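K.L.:
Quick one: this structure, given as structure tokens, is what I'll be asking you about.
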Amino acid sequence: MTSPADPGDQADPPARTAALDTRTSTGVMTVWVRRALFLLLGLVVAVVFLVVVSTFLPAPVNVVGATLSSFSAHLAISSLLLVAAVGWLWWRRRTWARGALVLLAVLSLAGVTVIGGRQLAMADREKADLDVGALLELSHGSASPDENVDYLRFEGQALSLSVWRQADGDGAGAPVIVMVHGGGFISSSRLEGTPPAHARWFAEHGYLVISADYTLSTDQRHLWDVTEQQIGCALAWTGANARRYGGDTTRLMLVGDSAGGNLALRAAYKGNAGQLRSSCGGTPPRVAAVSALYPVSDMAQLYANEPSRIFAERYVGGSPDQYPERYAATTPANHITPQAPPTLLTMGTSDYIVPPDGTRRLYDRLHRGDVPCDLVEVPYGQHVFDAAPGAVGTQVWRQATLRWFADHAPAGSPPAPRGPGTGAAAYGLTPAVSVG
């Protein structure tokens, strides 16, 4: 005869079922979360791999990879962390999927190592003293000018320039840099993008920096012959006013990027040959040296390159077949004379917007003309590679420019020839109007 069951030995069947369902549900959820995280990690590894691999392919496939090559330090750290993460997963459970992710992560790290290694080798050749901490910087920081001035009016609109005063002046007169911004001749300004940060950096290294706007072209207004004269006016203004900011225009340098590099080169070459006109009168001072960053060196090539054709069309007004004389006039190599200033050219080898061959041809032309020149090629660098403030290419270009200017316009250089008199009267200009 069986005795009654002990109530403590019996569990409520519904409660036991509910507990089992809860544990099962939690386990299923955990499995799905793990799978989702693994898929997300796999997606990240695949994207990084594709970006790195694309850097080694021709344009236009390499656009994203070459752009991100400026952040090679960040890519290297990311790739290293990915190798560690997927390697740990593979060590815990060796499946083919995890092994594939390990392979992709290792290949990404190897690719980034090649990119970074070539860029560091270039920096070593250029004798750059790299700031390792700056390689990880993501923002250029504040670079507001010390003063803004209206220097010219065109079709009723004021054109302005900005002044960054030199730091720690020695009282002997600081060398002067006039900067010209890029933007394909149709966009941007002196206060957008990277130019303000470069201006502040050069000012912190002892230069009086003046950055000028120019009128932008549109599909209805083609200013290929206007902007050059506006830069001539900015130079004449600088010659007349730099002294009151502590600047010495006997050591006047030009800096320009992209479209601004084109204008800087044209103004430097034509100005030193006495062929540069100023839209506000006066005489632009002689340029001691020029540094052009990924410049538009060949206008016809800019048109031939499909991604950048719109810039040439709006600036010049049509194709090279329609306006051969305009394309010739806006190509810097056609204005090289024995008076051309020493020229530093810097470009990325993977530039998708401004093909590097045009700049190489300009360098060859300068070299054949016995004009002091140098060409710095940033491996895998894309257009605007200096968007990364501490990138290897950015640091190399800045330091190379400082050395170039110091070598070709050292303190105590003899004054450049200019008209009679000094100050604004010598340049036929009226005093500037400060706008804040």
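We label chains A, B, ... in the order they appear in the structure tokens, count residues from 1 in each chain, and number ligands from 1 in the order shown.
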Using DSSP assignments from the backbone, pull out every residue in segment 101-286 of chain A that falls under strand (DSSP E or B) and give it to me as a PyMOL selection string.

P.N.:
chain A and resi 147-154+157-164+174-180+208-212+247-257

K.L.:
Which residues, written as a PyMOL selection string, have at least one atom at most 12 Å from segment 41-58 of chain A, with only C-alpha atoms counted and residues fewer than 5 positions away on the same chain left out?

P.N.:
chain A and resi 34-36+63-72+74-87+89+97-116+349-352+355+379-382

K.L.:
Would you mind listing what lies within 9 Å of Leu223 of chain A as a list of chain:residue names, with only C-alpha atoms counted and same-chain residues fewer than 5 positions away left out?

P.N.:
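So the residues in contact are A:Phe185, A:Thr215, A:Leu216, A:Ser217, A:Thr218, A:Glu228, A:Arg314, A:Tyr315, A:Val316, A:Gly317.
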
K.L.:
Store the residues of this selection in a file with C-alpha atoms, as a PDB file, in the first residue's frame.

P.N.:
```pdb
ATOM      1  CA  PHE A 185      36.408  77.682 -59.007  1.00  0.00           C
ATOM      2  CA  THR A 215      34.264  85.568 -57.202  1.00  0.00           C
ATOM      3  CA  LEU A 216      32.936  82.091 -57.950  1.00  0.00           C
ATOM      4  CA  SER A 217      31.924  80.978 -61.420  1.00  0.00           C
ATOM      5  CA  THR A 218      28.477  79.607 -62.284  1.00  0.00           C
ATOM      6  CA  GLU A 228      43.309  85.997 -61.707  1.00  0.00           C
ATOM      7  CA  ARG A 314      31.752  76.569 -65.546  1.00  0.00           C
ATOM      8  CA  TYR A 315      35.079  78.314 -65.089  1.00  0.00           C
ATOM      9  CA  VAL A 316      36.207  78.499 -68.705  1.00  0.00           C
ATOM     10  CA  GLY A 317      32.793  78.444 -70.381  1.00  0.00           C
TER      11      GLY A 317
END
```

K.L.:
Could you give me the residues within segment 190-342 of chain A that DSSP places in alpha helix (DSSP H), as a PyMOL selection string?

P.N.:
chain A and resi 195-204+227-241+259-272+299-304+309-316+324-329

K.L.:
Just checking: using only C-alpha atoms, which residue out of A:His140, A:Arg365, A:His205, A:Arg190 ends up closest to Pro338 of chain A?

P.N.:
A:Arg365

K.L.:
Please determine, counting only C-alpha atoms, which residue among A:Ala123, A:Ala273, A:Val290, A:Ala143 has the shortest atom-to-atom distance to His335 of chain A.

P.N.:
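Answer, going by the shortest atom-to-atom distance: A:Ala273.
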
K.L.:
Pick the closest to Ser160 of chain A from A:Asn241, A:Ser211, A:Thr30, A:Thr331: which is it, counting only C-alpha atoms?

P.N.:
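Smallest separation from Ser160 of chain A among the options: A:Ser211.
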
K.L.:
Give me, please, the distance in Å between atom CA of Arg361 of chain A and atom CA of His408 of chain A, quoted to one decimal.

P.N.:
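Calculated distance between atom CA of Arg361 of chain A and atom CA of His408 of chain A is 22.6 Å.
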
K.L.:
When distances are computed from only C-alpha atoms, which of A:Gln229, A:Ser291, A:Ser258, A:Ser278 shows the smallest separation from Gly348 of chain A?

P.N.:
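Answer, going by the shortest atom-to-atom distance: A:Ser258.
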
K.L.:
Considering only C-alpha atoms, state which residue in the set A:Ile186, A:Cys373, A:Ala259, A:Leu293 is at the smallest distance from Asp386 of chain A.

P.N.:
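Nearest candidate to Asp386 of chain A out of A:Ile186, A:Cys373, A:Ala259, A:Leu293: A:Leu293.
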
K.L.:
Rounded to one decimal in Å, what is the spacing between atom CA of Glu377 of chain A and atom CA of Tyr363 of chain A?

P.N.:
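Pair atom CA of Glu377 of chain A / atom CA of Tyr363 of chain A returns 11.6 Å.
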